[in-house]
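Asker: Take this structure first; my questions come after.
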Amino acid sequence: MSVQERKERERAERERLIVATARELAEQQGWDAVTTRRLAERIEYSQPVLYSHFRGKREIIGAVALEGAAELAAAVRAAASGANSPRERVAALARAYLDFAEHNPAVYDALFQLDGGLAYAQEDTPEPLKDAFAALLECLAEVTGDGVHPGMFTEVFWAALHGLATLTRAGRLLPEDAEPRVELLVDRLAMV
């Protein structure tokens, strides 16, 4: 291995450490606790080293969001792959999405609530974000219905899931009614 390759590998490892540490800190104490100073202390590098990877917290949030998007896409696809019918696939997608939001609140916030400097629904949208949407679309396209654009249907279904996730986290919806809500969403919106 050349010196250059070793340096690139070390740089990539430092970057992964920064993102993992930011994510861990955010999950434990919230995004307000994630500062470049705290991150530098936790990873035992100086702030200038941290800034050599990310220009600031916004870019770190973006990196966490991209990582989270890949995880969300994988979770949705894994859940849907075990289903035997369109209805089961849609219900599995909904449960996987809501479970992801519940178990990864800081990552979910990085994806959908905070400014990570990422472009959504545009030409320059990063691939992990496009793939997360594609994972939803793959499951929902077959239940879209006649005359309805599959992408638009996916956006509306996603918005409903996002609303359920956000309102449940905020304590506005009773957690014990989560499953009946999924059933209602699947039966009425997806009509499967």
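Each chain in the structure tokens gets a letter, A, B, ..., in the order shown, and its residues are numbered from 1; ligands are numbered from 1 in order too.
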Show me, as JSON lines, the residues of range 44-84 of chain A having an atom within 9 Å of range 7-31 of chain A, each with the closest atom pair and its distance in Å, using only C-alpha atoms.

Answerer:
```
{"residue": "A:Leu50", "atom": "CA", "partner": "A:Ile18", "partner_atom": "CA", "distance": 7.5}
{"residue": "A:His53", "atom": "CA", "partner": "A:Glu15", "partner_atom": "CA", "distance": 6.4}
{"residue": "A:Phe54", "atom": "CA", "partner": "A:Glu15", "partner_atom": "CA", "distance": 8.5}
{"residue": "A:Ile60", "atom": "CA", "partner": "A:Val19", "partner_atom": "CA", "distance": 6.5}
{"residue": "A:Ile61", "atom": "CA", "partner": "A:Ala22", "partner_atom": "CA", "distance": 8.2}
{"residue": "A:Ala63", "atom": "CA", "partner": "A:Val19", "partner_atom": "CA", "distance": 6.7}
{"residue": "A:Val64", "atom": "CA", "partner": "A:Val19", "partner_atom": "CA", "distance": 6.1}
{"residue": "A:Glu67", "atom": "CA", "partner": "A:Val19", "partner_atom": "CA", "distance": 8.9}
```

Asker: I'd like the contact shell of Tyr108 in chain A - 8 Å cut-off, only C-alpha atoms, skipping same-chain residues fewer than 5 positions apart - returned as a ChimeraX atom specification.

Answerer: /A:65,68,100-101,113

Asker: Using the selection just defined, write its residues with N, CA, C and O atoms as a PDB file, in the first residue's frame.

Answerer:
```
ATOM      1  N   ALA A  65     -27.363  12.291   7.706  1.00  0.00           N
ATOM      2  CA  ALA A  65     -28.588  12.092   6.925  1.00  0.00           C
ATOM      3  C   ALA A  65     -28.357  11.122   5.773  1.00  0.00           C
ATOM      4  O   ALA A  65     -29.197  10.236   5.526  1.00  0.00           O
ATOM      5  N   GLY A  68     -28.127   7.712   7.174  1.00  0.00           N
ATOM      6  CA  GLY A  68     -29.462   7.299   7.591  1.00  0.00           C
ATOM      7  C   GLY A  68     -30.360   6.941   6.423  1.00  0.00           C
ATOM      8  O   GLY A  68     -31.159   6.003   6.505  1.00  0.00           O
ATOM      9  N   PHE A 100     -38.078   2.786  12.077  1.00  0.00           N
ATOM     10  CA  PHE A 100     -36.823   3.509  11.867  1.00  0.00           C
ATOM     11  C   PHE A 100     -36.890   4.878  12.538  1.00  0.00           C
ATOM     12  O   PHE A 100     -35.963   5.288  13.238  1.00  0.00           O
ATOM     13  N   ALA A 101     -37.982   5.589  12.322  1.00  0.00           N
ATOM     14  CA  ALA A 101     -38.139   6.920  12.919  1.00  0.00           C
ATOM     15  C   ALA A 101     -38.120   6.851  14.441  1.00  0.00           C
ATOM     16  O   ALA A 101     -37.502   7.693  15.099  1.00  0.00           O
ATOM     17  N   GLN A 113     -35.725  16.965   9.359  1.00  0.00           N
ATOM     18  CA  GLN A 113     -36.064  18.150  10.139  1.00  0.00           C
ATOM     19  C   GLN A 113     -34.966  19.223  10.111  1.00  0.00           C
ATOM     20  O   GLN A 113     -35.273  20.397  10.182  1.00  0.00           O
TER      21      GLN A 113
END
```

Asker: Give the answer as one residue: which of A:Ala121, A:Ala106, A:Leu185, A:Ala160 has the shortest atom-to-atom distance to Ala33 in chain A, using only C-alpha atoms?

Answerer: A:Ala106

Asker: Any idea what the distance is between CA of Leu111 in chain A and CA of Ala91 in chain A?

Answerer: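 These two atoms are separated by 22.0 Å.
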
Asker: Would you work out the distance separating CA of Phe112 in chain A from CA of Thr166 in chain A, expressed in Å to one decimal?

Answerer: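 Separating CA of Phe112 in chain A from CA of Thr166 in chain A is a distance of 10.0 Å.
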